[in-house]
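Engineer: One file is attached below, target09.cif, containing mmCIF, C-alpha atoms and all ligand atoms.
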```
data_model
#
loop_
_atom_site.label_atom_id
_atom_site.label_comp_id
_atom_site.auth_asym_id
_atom_site.auth_seq_id
_atom_site.Cartn_x
_atom_site.Cartn_y
_atom_site.Cartn_z
CA MET Y 771 -32.23 14.06 7.74
CA SER Y 772 -30.11 16.78 9.31
CA ASP Y 773 -29.10 19.65 7.01
CA ARG Y 774 -25.81 20.23 8.86
CA SER Y 775 -22.63 19.17 7.15
CA SER Y 776 -20.95 15.94 8.27
CA TYR Y 777 -17.78 17.88 9.05
CA ALA Y 778 -19.71 20.30 11.29
CA MET Y 779 -21.12 17.31 13.19
CA VAL Y 780 -17.75 15.64 13.69
CA ASN Y 781 -16.31 18.99 14.75
CA GLN Y 782 -19.02 19.31 17.38
CA TYR Y 783 -17.90 15.95 18.79
CA PHE Y 784 -14.30 17.14 18.54
CA ASP Y 785 -15.12 20.34 20.45
CA GLU Y 786 -16.95 18.44 23.19
CA GLY Y 787 -13.94 16.14 23.63
CA ALA Y 788 -11.39 18.95 23.36
CA GLU Y 789 -13.08 20.80 26.23
CA LEU Y 790 -11.83 18.05 28.54
CA VAL Y 791 -8.24 18.46 27.35
CA ARG Y 792 -6.37 21.66 28.06
CA LEU Y 793 -5.40 22.68 24.52
CA LYS Y 794 -3.72 25.95 23.64
CA ASP Y 795 -5.62 27.89 20.95
CA GLU Y 796 -2.86 27.34 18.41
CA MET Y 797 -2.89 23.55 19.03
CA TYR Y 798 -6.69 23.57 18.71
CA ASP Y 799 -6.39 25.22 15.28
CA VAL Y 800 -3.85 22.63 14.09
CA LEU Y 801 -5.87 19.65 15.31
CA LYS Y 802 -9.20 20.85 14.00
CA SER Y 803 -8.20 21.39 10.38
CA SER Y 804 -6.82 18.96 7.78
CA TYR Y 805 -3.18 18.87 6.76
CA ARG Y 806 -3.88 18.33 3.05
CA GLU Y 807 -6.99 17.95 0.89
CA ILE Y 808 -6.89 17.06 -2.75
CA ALA Y 809 -9.64 16.77 -5.34
CA VAL Y 810 -8.95 15.10 -8.66
CA GLN Y 811 -10.87 14.41 -11.82
CA VAL Y 812 -11.34 10.72 -12.62
CA PRO Y 813 -12.27 10.28 -16.29
CA VAL Y 814 -13.61 6.82 -17.13
CA ARG Y 815 -14.48 5.39 -20.54
CA MET Y 816 -17.75 3.58 -19.85
CA ASP Y 817 -18.71 0.34 -21.61
CA SER Y 818 -21.14 2.35 -23.73
CA GLY Y 819 -18.23 4.33 -25.21
CA GLU Y 820 -19.24 7.49 -23.32
CA LEU Y 821 -16.59 9.28 -21.21
CA ARG Y 822 -17.73 10.15 -17.68
CA VAL Y 823 -15.71 12.38 -15.37
CA PHE Y 824 -16.06 11.57 -11.66
CA LEU Y 825 -14.66 13.56 -8.76
CA GLY Y 826 -12.27 11.89 -6.32
CA TYR Y 827 -10.86 13.12 -3.01
CA ARG Y 828 -8.17 12.28 -0.49
CA VAL Y 829 -8.00 14.18 2.77
CA GLN Y 830 -5.01 13.76 5.09
CA HIS Y 831 -6.17 15.05 8.42
CA ASN Y 832 -3.29 14.62 10.86
CA GLY Y 833 -0.05 12.64 10.62
CA ALA Y 834 1.58 13.44 13.95
CA ARG Y 835 1.43 9.82 15.16
CA GLY Y 836 2.32 8.05 11.91
CA PRO Y 837 1.46 7.66 8.23
CA TYR Y 838 -1.99 8.89 7.20
CA LYS Y 839 -4.46 6.00 7.27
CA GLY Y 840 -8.07 5.55 6.24
CA GLY Y 841 -10.46 3.99 3.79
CA ILE Y 842 -11.67 4.87 0.30
CA ARG Y 843 -15.43 5.01 -0.25
CA TYR Y 844 -17.36 4.94 -3.50
CA HIS Y 845 -20.69 6.56 -2.75
CA THR Y 846 -22.93 9.35 -4.00
CA SER Y 847 -22.62 11.00 -0.56
CA ALA Y 848 -18.80 11.00 -0.70
CA ASN Y 849 -18.06 14.68 -1.27
CA LEU Y 850 -15.20 16.76 0.15
CA ASP Y 851 -17.14 17.64 3.30
CA GLU Y 852 -17.94 14.03 4.15
CA VAL Y 853 -14.44 12.77 3.35
CA ARG Y 854 -12.98 15.54 5.52
CA ALA Y 855 -15.25 14.53 8.39
CA MET Y 856 -14.29 10.87 8.05
CA ALA Y 857 -10.56 11.75 7.89
CA SER Y 858 -10.88 13.59 11.18
CA LEU Y 859 -12.62 10.57 12.75
CA MET Y 860 -9.70 8.39 11.62
CA THR Y 861 -7.21 10.62 13.45
CA TRP Y 862 -9.01 10.19 16.77
CA LYS Y 863 -9.69 6.48 16.11
CA THR Y 864 -6.06 5.52 15.44
CA ALA Y 865 -4.96 7.55 18.48
CA LEU Y 866 -7.59 5.97 20.74
CA LEU Y 867 -6.47 2.48 19.69
CA ASP Y 868 -2.86 3.59 19.97
CA VAL Y 869 -1.93 2.30 16.53
CA PRO Y 870 0.95 4.32 15.02
CA PHE Y 871 -1.01 5.98 12.22
CA GLY Y 872 -2.57 9.34 11.52
CA GLY Y 873 -5.98 9.93 9.97
CA ALA Y 874 -7.10 10.18 6.34
CA LYS Y 875 -10.05 9.31 4.12
CA GLY Y 876 -10.75 9.20 0.42
CA GLY Y 877 -13.66 8.77 -1.87
CA ILE Y 878 -15.21 9.14 -5.26
CA THR Y 879 -18.68 10.64 -5.70
CA VAL Y 880 -20.22 7.72 -7.59
CA ASP Y 881 -22.73 4.88 -7.32
CA PRO Y 882 -20.56 1.92 -8.36
CA THR Y 883 -23.37 -0.60 -7.96
CA ASP Y 884 -24.64 0.06 -11.48
CA MET Y 885 -21.18 0.01 -13.08
CA SER Y 886 -19.50 -3.00 -14.69
CA PRO Y 887 -16.39 -4.50 -13.02
CA ARG Y 888 -14.28 -3.18 -15.90
CA GLU Y 889 -15.59 0.34 -15.36
CA VAL Y 890 -14.94 0.17 -11.59
CA GLU Y 891 -11.43 -1.15 -12.25
CA ALA Y 892 -10.66 1.65 -14.73
CA MET Y 893 -11.98 4.23 -12.27
CA THR Y 894 -9.94 2.77 -9.40
CA ARG Y 895 -6.69 2.69 -11.38
CA ARG Y 896 -7.18 6.26 -12.66
CA PHE Y 897 -7.98 7.55 -9.18
CA THR Y 898 -5.00 5.75 -7.62
CA LEU Y 899 -2.55 7.21 -10.14
CA ALA Y 900 -4.10 10.68 -9.71
CA ILE Y 901 -3.40 10.64 -5.94
CA SER Y 902 -0.30 8.39 -6.00
CA HIS Y 903 2.11 11.27 -5.36
CA ILE Y 904 0.73 11.68 -1.85
CA LEU Y 905 0.47 7.93 -1.07
CA GLY Y 906 3.26 5.67 0.21
CA ASP Y 907 3.70 2.85 2.70
CA ASN Y 908 5.24 5.41 5.07
CA ARG Y 909 3.06 8.34 3.92
CA ASP Y 910 -0.58 7.43 3.38
CA ILE Y 911 -2.14 3.96 3.28
CA PRO Y 912 -5.72 3.50 1.98
CA ALA Y 913 -8.08 0.64 2.88
CA PRO Y 914 -11.61 -0.50 1.99
CA ASP Y 915 -14.69 1.43 3.11
CA LEU Y 916 -18.23 1.78 1.70
CA ASN Y 917 -18.58 -0.10 -1.64
CA THR Y 918 -14.86 -0.93 -1.86
CA ASN Y 919 -13.23 -4.25 -0.98
CA ALA Y 920 -10.19 -6.50 -1.34
CA GLN Y 921 -10.50 -6.40 -5.15
CA THR Y 922 -10.49 -2.59 -5.14
CA MET Y 923 -7.33 -2.72 -2.97
CA ALA Y 924 -5.70 -5.18 -5.39
CA TRP Y 925 -6.23 -2.74 -8.29
CA MET Y 926 -4.91 0.13 -6.17
CA MET Y 927 -1.83 -1.84 -5.17
CA ASP Y 928 -1.19 -2.90 -8.76
CA ALA Y 929 -1.60 0.63 -10.14
CA PHE Y 930 0.71 2.06 -7.47
CA SER Y 931 3.27 -0.76 -7.80
CA SER Y 932 3.41 -0.42 -11.58
CA ARG Y 933 4.64 3.15 -11.12
CA TYR Y 934 6.76 2.87 -7.94
CA GLY Y 935 7.73 -0.82 -7.66
CA TYR Y 936 6.19 -3.67 -5.66
CA THR Y 937 4.64 -2.12 -2.56
CA PRO Y 938 2.13 -4.40 -0.80
CA ALA Y 939 2.02 -2.13 2.27
CA ILE Y 940 0.58 0.73 0.19
CA VAL Y 941 -2.96 -0.49 0.98
CA THR Y 942 -4.52 -2.73 3.62
CA GLY Y 943 -7.59 -4.93 3.40
CA LYS Y 944 -5.97 -6.92 0.59
CA HIS Y 945 -6.79 -10.48 -0.39
CA VAL Y 946 -4.64 -12.97 1.55
CA ASP Y 947 -3.01 -14.08 -1.73
CA LEU Y 948 -1.66 -10.54 -2.21
CA GLY Y 949 -0.23 -9.98 1.26
CA GLY Y 950 -3.50 -9.49 3.09
CA ALA Y 951 -3.75 -10.72 6.67
CA PRO Y 952 -6.01 -13.63 7.65
CA GLY Y 953 -8.52 -12.00 10.02
CA ARG Y 954 -8.48 -8.50 8.49
CA GLU Y 955 -11.71 -8.98 6.53
CA ALA Y 956 -13.62 -9.90 9.67
CA ALA Y 957 -11.81 -7.40 11.90
CA THR Y 958 -14.28 -4.50 11.93
CA GLY Y 959 -17.34 -6.64 12.71
CA ARG Y 960 -15.40 -8.86 15.10
CA GLY Y 961 -13.88 -5.82 16.80
CA ALA Y 962 -17.34 -4.35 17.40
CA VAL Y 963 -18.35 -7.62 19.07
CA TYR Y 964 -15.22 -7.60 21.27
CA VAL Y 965 -16.14 -4.08 22.41
CA LEU Y 966 -19.72 -5.12 23.06
CA GLU Y 967 -18.39 -8.01 25.16
CA GLY Y 968 -16.35 -5.50 27.16
CA ALA Y 969 -19.52 -3.47 27.71
CA ASP Y 970 -21.35 -6.65 28.67
CA ARG Y 971 -18.77 -7.40 31.37
CA LYS Y 972 -18.75 -3.84 32.65
CA TRP Y 973 -22.46 -3.07 32.55
CA GLY Y 974 -23.77 -6.58 33.20
CA LEU Y 975 -25.85 -6.62 30.03
CA ASP Y 976 -26.08 -10.42 29.93
CA LEU Y 977 -25.72 -10.64 26.16
CA SER Y 978 -27.24 -14.12 26.07
CA ARG Y 979 -30.60 -12.56 26.94
CA GLN Y 980 -30.40 -9.59 24.55
CA ARG Y 981 -32.15 -9.07 21.23
CA VAL Y 982 -29.83 -7.51 18.66
CA VAL Y 983 -30.72 -5.52 15.52
CA ILE Y 984 -28.03 -4.90 12.89
CA GLN Y 985 -28.51 -2.33 10.13
CA GLY Y 986 -26.27 -3.26 7.20
CA PHE Y 987 -25.27 -6.72 6.03
CA GLY Y 988 -22.10 -5.84 4.12
CA ASN Y 989 -18.62 -6.61 5.43
CA VAL Y 990 -19.13 -5.09 8.88
CA GLY Y 991 -22.75 -6.05 9.59
CA SER Y 992 -22.47 -9.60 8.30
CA TRP Y 993 -19.32 -10.33 10.34
CA ALA Y 994 -20.89 -8.84 13.46
CA ALA Y 995 -23.95 -11.04 12.88
CA ARG Y 996 -21.82 -14.15 12.37
CA GLU Y 997 -19.75 -13.53 15.49
CA LEU Y 998 -22.77 -12.79 17.69
CA HIS Y 999 -24.65 -15.80 16.35
CA GLN Y 1000 -21.64 -18.03 17.14
CA ARG Y 1001 -21.85 -16.77 20.73
CA GLY Y 1002 -25.51 -17.76 20.91
CA VAL Y 1003 -26.80 -14.18 20.86
CA LYS Y 1004 -30.26 -13.72 19.35
CA ILE Y 1005 -30.35 -11.45 16.29
CA VAL Y 1006 -33.89 -10.28 15.62
CA GLY Y 1007 -33.32 -7.82 12.78
CA VAL Y 1008 -30.95 -7.26 9.86
CA SER Y 1009 -31.07 -5.17 6.69
CA ASP Y 1010 -29.22 -4.21 3.55
CA VAL Y 1011 -29.97 -1.46 1.01
CA SER Y 1012 -32.96 -3.44 -0.30
CA GLY Y 1013 -34.73 -3.49 3.09
CA GLY Y 1014 -34.84 -5.32 6.38
CA LEU Y 1015 -36.11 -8.49 8.08
CA TYR Y 1016 -37.39 -8.78 11.65
CA SER Y 1017 -38.42 -11.70 13.80
CA ASP Y 1018 -38.78 -11.47 17.57
CA ALA Y 1019 -38.02 -15.21 17.78
CA GLY Y 1020 -34.62 -14.61 16.15
CA LEU Y 1021 -33.43 -14.86 12.55
CA ASP Y 1022 -31.69 -17.83 10.91
CA ILE Y 1023 -28.35 -16.05 10.55
CA PRO Y 1024 -26.41 -18.89 8.77
CA ALA Y 1025 -29.18 -19.07 6.14
CA LEU Y 1026 -29.13 -15.29 5.64
CA LEU Y 1027 -25.32 -15.22 5.44
CA GLY Y 1028 -25.53 -17.92 2.76
CA TRP Y 1029 -28.17 -15.90 0.93
CA ALA Y 1030 -26.16 -12.68 1.01
CA SER Y 1031 -22.89 -14.40 0.04
CA THR Y 1032 -24.25 -14.79 -3.49
CA HIS Y 1033 -25.06 -11.05 -3.64
CA ARG Y 1034 -28.80 -11.55 -3.44
CA PRO Y 1035 -30.81 -8.71 -1.81
CA LEU Y 1036 -32.18 -9.49 1.66
CA ALA Y 1037 -35.57 -8.17 0.54
CA ASP Y 1038 -35.87 -11.24 -1.74
CA ALA Y 1039 -35.08 -13.74 1.03
CA THR Y 1040 -37.89 -15.97 2.31
CA GLY Y 1041 -38.37 -17.33 5.80
CA ASP Y 1042 -40.12 -16.85 9.10
CA PHE Y 1043 -39.85 -13.07 9.50
CA ASP Y 1044 -41.55 -9.78 8.68
CA ALA Y 1045 -40.25 -7.47 5.98
CA VAL Y 1046 -39.46 -4.02 7.37
CA THR Y 1047 -37.92 -0.88 5.90
CA ASN Y 1048 -34.52 0.34 7.04
CA ASP Y 1049 -36.23 3.21 8.88
CA GLU Y 1050 -38.53 0.78 10.71
CA LEU Y 1051 -35.64 -1.52 11.59
CA LEU Y 1052 -33.81 1.23 13.51
CA VAL Y 1053 -36.78 1.70 15.85
CA SER Y 1054 -37.79 -1.98 16.17
CA PRO Y 1055 -37.87 -3.70 19.57
CA CYS Y 1056 -34.38 -4.78 20.69
CA GLU Y 1057 -31.87 -4.21 23.48
CA VAL Y 1058 -28.78 -3.71 21.29
CA LEU Y 1059 -28.84 -1.72 18.03
CA ILE Y 1060 -25.83 -1.92 15.72
CA PRO Y 1061 -25.91 0.57 12.85
CA ALA Y 1062 -23.33 -0.92 10.47
CA ALA Y 1063 -24.04 0.85 7.20
CA LEU Y 1064 -24.31 4.55 6.41
CA GLY Y 1065 -23.72 7.72 8.40
CA GLU Y 1066 -26.35 9.95 10.02
CA VAL Y 1067 -29.09 7.30 10.10
CA ILE Y 1068 -30.13 8.15 13.66
CA ASP Y 1069 -31.08 11.81 13.79
CA GLU Y 1070 -33.41 14.07 15.76
CA ASP Y 1071 -36.42 12.65 13.90
CA ASN Y 1072 -36.03 9.01 14.97
CA ALA Y 1073 -33.78 9.13 18.08
CA GLY Y 1074 -36.84 9.47 20.29
CA GLN Y 1075 -38.21 6.15 18.98
CA VAL Y 1076 -35.07 4.03 19.29
CA GLN Y 1077 -35.98 1.12 21.59
CA ALA Y 1078 -32.50 -0.25 22.28
CA ALA Y 1079 -30.66 0.26 25.57
CA VAL Y 1080 -27.24 0.20 23.86
CA VAL Y 1081 -26.23 1.53 20.42
CA VAL Y 1082 -22.97 0.18 18.98
CA GLU Y 1083 -21.71 2.45 16.20
CA ALA Y 1084 -20.16 -0.04 13.81
CA ALA Y 1085 -20.69 2.49 10.97
CA ASN Y 1086 -18.88 5.82 10.89
CA ASN Y 1087 -20.88 8.78 12.20
CA PRO Y 1088 -24.29 6.99 12.27
CA VAL Y 1089 -25.70 9.22 15.05
CA THR Y 1090 -25.98 13.00 14.63
CA PRO Y 1091 -25.05 15.19 17.63
CA GLU Y 1092 -28.72 16.18 18.08
CA ALA Y 1093 -29.71 12.50 18.18
CA ASP Y 1094 -26.78 11.69 20.45
CA LYS Y 1095 -28.14 14.13 23.01
CA ILE Y 1096 -31.65 12.68 22.77
CA LEU Y 1097 -30.30 9.13 23.25
CA HIS Y 1098 -28.20 10.28 26.21
CA ASP Y 1099 -31.17 12.04 27.84
CA ARG Y 1100 -33.19 8.83 27.40
CA GLY Y 1101 -30.48 6.84 29.21
CA ILE Y 1102 -29.43 4.94 26.07
CA LYS Y 1103 -25.71 4.14 26.05
CA VAL Y 1104 -23.81 4.80 22.81
CA ILE Y 1105 -20.50 3.07 22.07
CA PRO Y 1106 -18.98 5.58 19.64
CA ASP Y 1107 -17.67 4.79 16.17
CA ILE Y 1108 -14.06 5.67 16.91
CA LEU Y 1109 -14.10 2.87 19.49
CA ALA Y 1110 -16.73 0.43 18.17
CA ASN Y 1111 -15.50 0.17 14.58
CA ALA Y 1112 -11.80 0.61 15.27
CA GLY Y 1113 -11.18 -3.11 14.74
CA GLY Y 1114 -10.89 -2.34 11.03
CA VAL Y 1115 -7.97 0.01 11.24
CA THR Y 1116 -6.38 -1.97 14.07
CA GLY Y 1117 -6.50 -5.02 11.80
CA SER Y 1118 -5.07 -2.85 9.03
CA TYR Y 1119 -2.15 -2.03 11.30
CA PHE Y 1120 -1.52 -5.75 11.85
CA GLU Y 1121 -1.61 -6.32 8.09
CA TRP Y 1122 0.78 -3.40 7.43
CA VAL Y 1123 3.19 -4.65 10.11
CA GLN Y 1124 3.28 -8.06 8.44
CA ASN Y 1125 3.86 -6.48 5.03
CA VAL Y 1126 6.74 -4.31 6.15
CA GLN Y 1127 8.33 -7.18 8.09
CA ARG Y 1128 7.67 -9.68 5.27
CA PHE Y 1129 6.41 -12.03 7.97
CA ARG Y 1130 2.98 -13.64 8.18
CA TRP Y 1131 1.03 -14.20 11.38
CA LYS Y 1132 -1.49 -16.99 11.93
CA GLU Y 1133 -5.11 -15.84 12.26
CA ASP Y 1134 -5.20 -16.89 15.94
CA ARG Y 1135 -2.49 -14.38 16.73
CA PHE Y 1136 -4.27 -11.69 14.73
CA ASN Y 1137 -7.54 -12.25 16.58
CA ALA Y 1138 -5.89 -12.42 20.00
CA GLU Y 1139 -4.02 -9.14 19.39
CA LEU Y 1140 -7.24 -7.57 18.08
CA ALA Y 1141 -9.26 -8.68 21.10
CA GLU Y 1142 -6.60 -7.32 23.43
CA ALA Y 1143 -6.42 -3.96 21.63
CA MET Y 1144 -10.20 -3.52 21.57
CA GLN Y 1145 -10.59 -4.53 25.19
CA ARG Y 1146 -7.82 -2.15 26.27
CA ALA Y 1147 -9.39 0.73 24.34
CA PHE Y 1148 -12.80 0.01 25.85
CA ASN Y 1149 -11.34 -0.12 29.38
CA VAL Y 1150 -9.36 3.11 28.96
CA THR Y 1151 -12.40 4.90 27.49
CA SER Y 1152 -14.87 3.71 30.10
CA ALA Y 1153 -12.46 4.51 32.96
CA PHE Y 1154 -12.05 8.05 31.59
CA ALA Y 1155 -15.82 8.39 31.14
CA ASP Y 1156 -16.40 7.29 34.74
CA ALA Y 1157 -13.67 9.57 36.13
CA HIS Y 1158 -15.09 12.65 34.36
CA SER Y 1159 -18.78 11.61 34.43
CA VAL Y 1160 -19.09 12.01 30.65
CA PRO Y 1161 -20.48 9.76 27.91
CA LEU Y 1162 -18.14 7.32 26.18
CA ARG Y 1163 -17.96 9.44 23.02
CA ARG Y 1164 -16.65 12.49 24.85
CA ALA Y 1165 -14.15 10.33 26.67
CA ALA Y 1166 -12.99 8.63 23.45
CA PHE Y 1167 -12.47 11.94 21.66
CA ALA Y 1168 -10.69 13.45 24.66
CA ILE Y 1169 -8.23 10.53 24.85
CA GLY Y 1170 -7.54 10.64 21.11
CA ILE Y 1171 -7.15 14.42 21.07
CA GLU Y 1172 -4.79 14.37 24.03
CA ARG Y 1173 -2.54 11.77 22.39
CA VAL Y 1174 -2.42 13.58 19.04
CA ALA Y 1175 -1.75 16.90 20.80
CA ARG Y 1176 1.19 15.33 22.67
CA ALA Y 1177 2.72 13.95 19.46
CA SER Y 1178 2.09 17.22 17.61
CA LYS Y 1179 3.85 19.17 20.34
CA LEU Y 1180 6.82 16.79 20.46
CA ARG Y 1181 7.21 17.03 16.69
CA GLY Y 1182 7.15 20.81 16.86
CA TYR Y 1183 3.96 21.35 14.86
CA VAL Y 1184 3.12 24.23 17.20
N1 LIG O 1201 -12.60 2.11 6.52
C1 LIG O 1201 -12.28 1.63 7.83
C2 LIG O 1201 -12.60 2.69 8.86
O1 LIG O 1201 -13.40 3.56 8.63
C3 LIG O 1201 -10.88 1.09 7.92
C4 LIG O 1201 -9.80 2.10 7.64
C5 LIG O 1201 -8.40 1.50 7.55
O2 LIG O 1201 -8.23 0.35 7.85
O3 LIG O 1201 -7.50 2.26 7.16
O4 LIG O 1201 -12.12 2.65 9.97
#
```
Please re-express this file's structure in structure tokens.
Structural biologist:
Amino acid sequence: MSDRSSYAMVNQYFDEGAELVRLKDEMYDVLKSSYREIAVQVPVRMDSGELRVFLGYRVQHNGARGPYKGGIRYHTSANLDEVRAMASLMTWKTALLDVPFGGAKGGITVDPTDMSPREVEAMTRRFTLAISHILGDNRDIPAPDLNTNAQTMAWMMDAFSSRYGYTPAIVTGKHVDLGGAPGREAATGRGAVYVLEGADRKWGLDLSRQRVVIQGFGNVGSWAARELHQRGVKIVGVSDVSGGLYSDAGLDIPALLGWASTHRPLADATGDFDAVTNDELLVSPCEVLIPAALGEVIDEDNAGQVQAAVVVEAANNPVTPEADKILHDRGIKVIPDILANAGGVTGSYFEWVQNVQRFRWKEDRFNAELAEAMQRAFNVTSAFADAHSVPLRRAAFAIGIERVARASKLRGYV
């Protein structure tokens, strides 16, 4: 595990991208720091009667291109530094996909997996009201992230609406019955697959002959697995927090999706595969590796053992800058998070558009628009990377930074 802060790592990626864009010093200072960071106490009466006080954060990184946008994570790693890093990633991600949002992130330092639903609901409502003065459907729009989901968004929307009036567009990633968009739930995993298909066409990977390993079987990993399986791609490894499964002959993905849909740990599943740890899974034999869970899982200690030829960053910040360099030197291509997982926020944009227009799209339209947006972003990024002979990550950051700098200048920020 690297001992550098997450924000320092994201800033290294920012600096490497910014070098390709001629930024004045004063613009550099504006783009590198956050606009607003708030920390709030979140007191929760637990079922035991005890009062626990959690810490919650919302960081608004840059709003030059539109309302602040980004997920809320409930995780023990979610401190101010990590949330700040993720907010910065959101700024470059929304700009790269050219959706009219800025970048933000929020979180509570907590492990919600051992809390009751009532406790999580109370925590969510308290947190929402504590940050509600900086939210708004034209100001800052949260969404799901690690350990949060459509139910969390429903509580957030209800808490906000009870104070300010019915506002479905205050959050995205809602249940369809509450103004959510058919297709949004699948959008991050599906978007990663659309980008991988773009890479397949460009690099001639021949996906039908590739072995894929996916770390993480939550919303993103399970949808990526489902989509790849439907395309006849062989998935040889998957994992969740309980551990991983590997079979060179390919895993029975529909059976595992059925297993996981009832919230059973993958480590308890039975079938024709070997049990592996999450660490072993990342370095197992495969051609395509999709980290779709936590950040910083590929670092300088294991990057030298990664066997894949392509890494698709469906998680946020899964590869440290030290590891990124090792992978690059080994000729392994990395499709960076701000491109690979941008289907989530692009889908959020489609949901928000439908909410503000009070008009519902069919899922076919949602998926077609998503595929087009992801393909366009991949093409623009790979053309820039080719033109400047730089890796995709540097190209993606440079494009995002350039767009945000242009909007910031037009708005008179500097
Ligand atoms: N949490 C997702 C991300 O990291 C989605 C954010 C959003 O839709 O606002 O991109």
Engineer: Taking only C-alpha atoms and all ligand atoms into account, which of Y:Ser978, Y:Asn1149, Y:Asn849, Y:Asn1111 comes nearest ligand LIG 1201 (chain O)?
Structural biologist: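 Nearest candidate to ligand LIG 1201 (chain O) out of Y:Ser978, Y:Asn1149, Y:Asn849, Y:Asn1111: Y:Asn1111.
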Engineer: Compare Y:Arg835, Y:Arg1135, Y:His1158, Y:His945 by their minimum atom-to-atom distance to Y:Gly872, counting only C-alpha atoms, and give me the closest one.
Structural biologist: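 Closest candidate: Y:Arg835.
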Engineer: Out of Y:Leu1026, Y:Val946, Y:Ala1062, Y:Val1160, which residue has the shortest atom-to-atom distance to ligand LIG 1201 (chain O) when counting all atoms listed in the file?
Structural biologist: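 Looking only at the distances to ligand LIG 1201 (chain O), the closest residue turns out to be Y:Ala1062.
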Engineer: Please identify the residues whose atoms come within 7 Å of ligand LIG 1201 (chain O), using all atoms listed in the file, and report them as a PDB file with C-alpha atoms, in the frame of the given file.
Structural biologist:
```pdb
ATOM      1  CA  LYS Y 839      -4.460   6.000   7.270  1.00  0.00           C
ATOM      2  CA  GLY Y 840      -8.070   5.550   6.240  1.00  0.00           C
ATOM      3  CA  GLY Y 841     -10.460   3.990   3.790  1.00  0.00           C
ATOM      4  CA  ILE Y 842     -11.670   4.870   0.300  1.00  0.00           C
ATOM      5  CA  MET Y 860      -9.700   8.390  11.620  1.00  0.00           C
ATOM      6  CA  ILE Y 911      -2.140   3.960   3.280  1.00  0.00           C
ATOM      7  CA  PRO Y 912      -5.720   3.500   1.980  1.00  0.00           C
ATOM      8  CA  ALA Y 913      -8.080   0.640   2.880  1.00  0.00           C
ATOM      9  CA  PRO Y 914     -11.610  -0.500   1.990  1.00  0.00           C
ATOM     10  CA  ASP Y 915     -14.690   1.430   3.110  1.00  0.00           C
ATOM     11  CA  THR Y 942      -4.520  -2.730   3.620  1.00  0.00           C
ATOM     12  CA  GLY Y 943      -7.590  -4.930   3.400  1.00  0.00           C
ATOM     13  CA  ASN Y1086     -18.880   5.820  10.890  1.00  0.00           C
ATOM     14  CA  ASN Y1111     -15.500   0.170  14.580  1.00  0.00           C
ATOM     15  CA  ALA Y1112     -11.800   0.610  15.270  1.00  0.00           C
ATOM     16  CA  GLY Y1114     -10.890  -2.340  11.030  1.00  0.00           C
ATOM     17  CA  VAL Y1115      -7.970   0.010  11.240  1.00  0.00           C
ATOM     18  CA  THR Y1116      -6.380  -1.970  14.070  1.00  0.00           C
ATOM     19  CA  GLY Y1117      -6.500  -5.020  11.800  1.00  0.00           C
ATOM     20  CA  SER Y1118      -5.070  -2.850   9.030  1.00  0.00           C
TER      21      SER Y1118
END
```
Engineer: Contacts of Y:Gly836 at 8 Å or less, counting all atoms listed in the file, minus same-chain residues fewer than 4 places along, as an MDAnalysis selection string?
Structural biologist: chainID Y and resid 870:872 908
Engineer: Tell me which of Y:Ile1005, Y:Ala951, Y:Asp799, Y:Met885 sits closest to Y:Val1123, counting only C-alpha atoms.
Structural biologist: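 Answer, going by the shortest atom-to-atom distance: Y:Ala951.
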Engineer: So how far away is atom CA of Y:Ala1155 from atom CA of Y:Lys1004, in Å?
Structural biologist: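 Distance reported for this atom pair: 28.9 Å.
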Engineer: Quick one: pull the distance between atom CA of Y:Arg1163 and atom CA of Y:Leu867, Å, one decimal.
Structural biologist: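 That distance, rounded to one decimal, is 13.8 Å.
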Engineer: Under the rule that all atoms listed in the file are counted, which of Y:Glu1092, Y:Asp1107, Y:Glu889, Y:Glu820 is the nearest residue to Y:Gly1065?
Structural biologist: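 Between Y:Glu1092, Y:Asp1107, Y:Glu889, Y:Glu820, the residue approaching Y:Gly1065 most closely is Y:Asp1107.
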Engineer: Could you please give me, as a PyMOL selection string, the residues of protein, DNA or RNA lying at most 9 Å from (-5.9, -0.1, -4.4) in the coordinate frame of the file, considering all atoms listed in the file?
Structural biologist: chain Y and resi 842+894-895+898+912-914+920-930+940-942+944
Engineer: Supply stretch 956-960 of chain Y as an mmCIF file, in the frame of the given file, with N, CA, C and O atoms built in where the input has gaps.
Structural biologist:
```cif
data_model
loop_
_atom_site.group_PDB
_atom_site.id
_atom_site.type_symbol
_atom_site.label_atom_id
_atom_site.label_comp_id
_atom_site.auth_asym_id
_atom_site.auth_seq_id
_atom_site.Cartn_x
_atom_site.Cartn_y
_atom_site.Cartn_z
ATOM 1 N N ALA Y 956 -12.620 -9.801 8.600
ATOM 2 C CA ALA Y 956 -13.620 -9.900 9.670
ATOM 3 C C ALA Y 956 -13.409 -8.849 10.760
ATOM 4 O O ALA Y 956 -14.261 -8.693 11.647
ATOM 5 N N ALA Y 957 -12.268 -8.137 10.707
ATOM 6 C CA ALA Y 957 -11.810 -7.400 11.900
ATOM 7 C C ALA Y 957 -12.756 -6.300 12.379
ATOM 8 O O ALA Y 957 -12.884 -6.082 13.585
ATOM 9 N N THR Y 958 -13.427 -5.592 11.464
ATOM 10 C CA THR Y 958 -14.280 -4.500 11.930
ATOM 11 C C THR Y 958 -15.497 -5.052 12.673
ATOM 12 O O THR Y 958 -15.821 -4.611 13.787
ATOM 13 N N GLY Y 959 -16.163 -6.048 12.067
ATOM 14 C CA GLY Y 959 -17.340 -6.640 12.710
ATOM 15 C C GLY Y 959 -16.968 -7.360 13.998
ATOM 16 O O GLY Y 959 -17.636 -7.245 15.026
ATOM 17 N N ARG Y 960 -15.869 -8.114 13.927
ATOM 18 C CA ARG Y 960 -15.400 -8.860 15.100
ATOM 19 C C ARG Y 960 -15.001 -7.884 16.214
ATOM 20 O O ARG Y 960 -15.332 -8.081 17.382
#
```
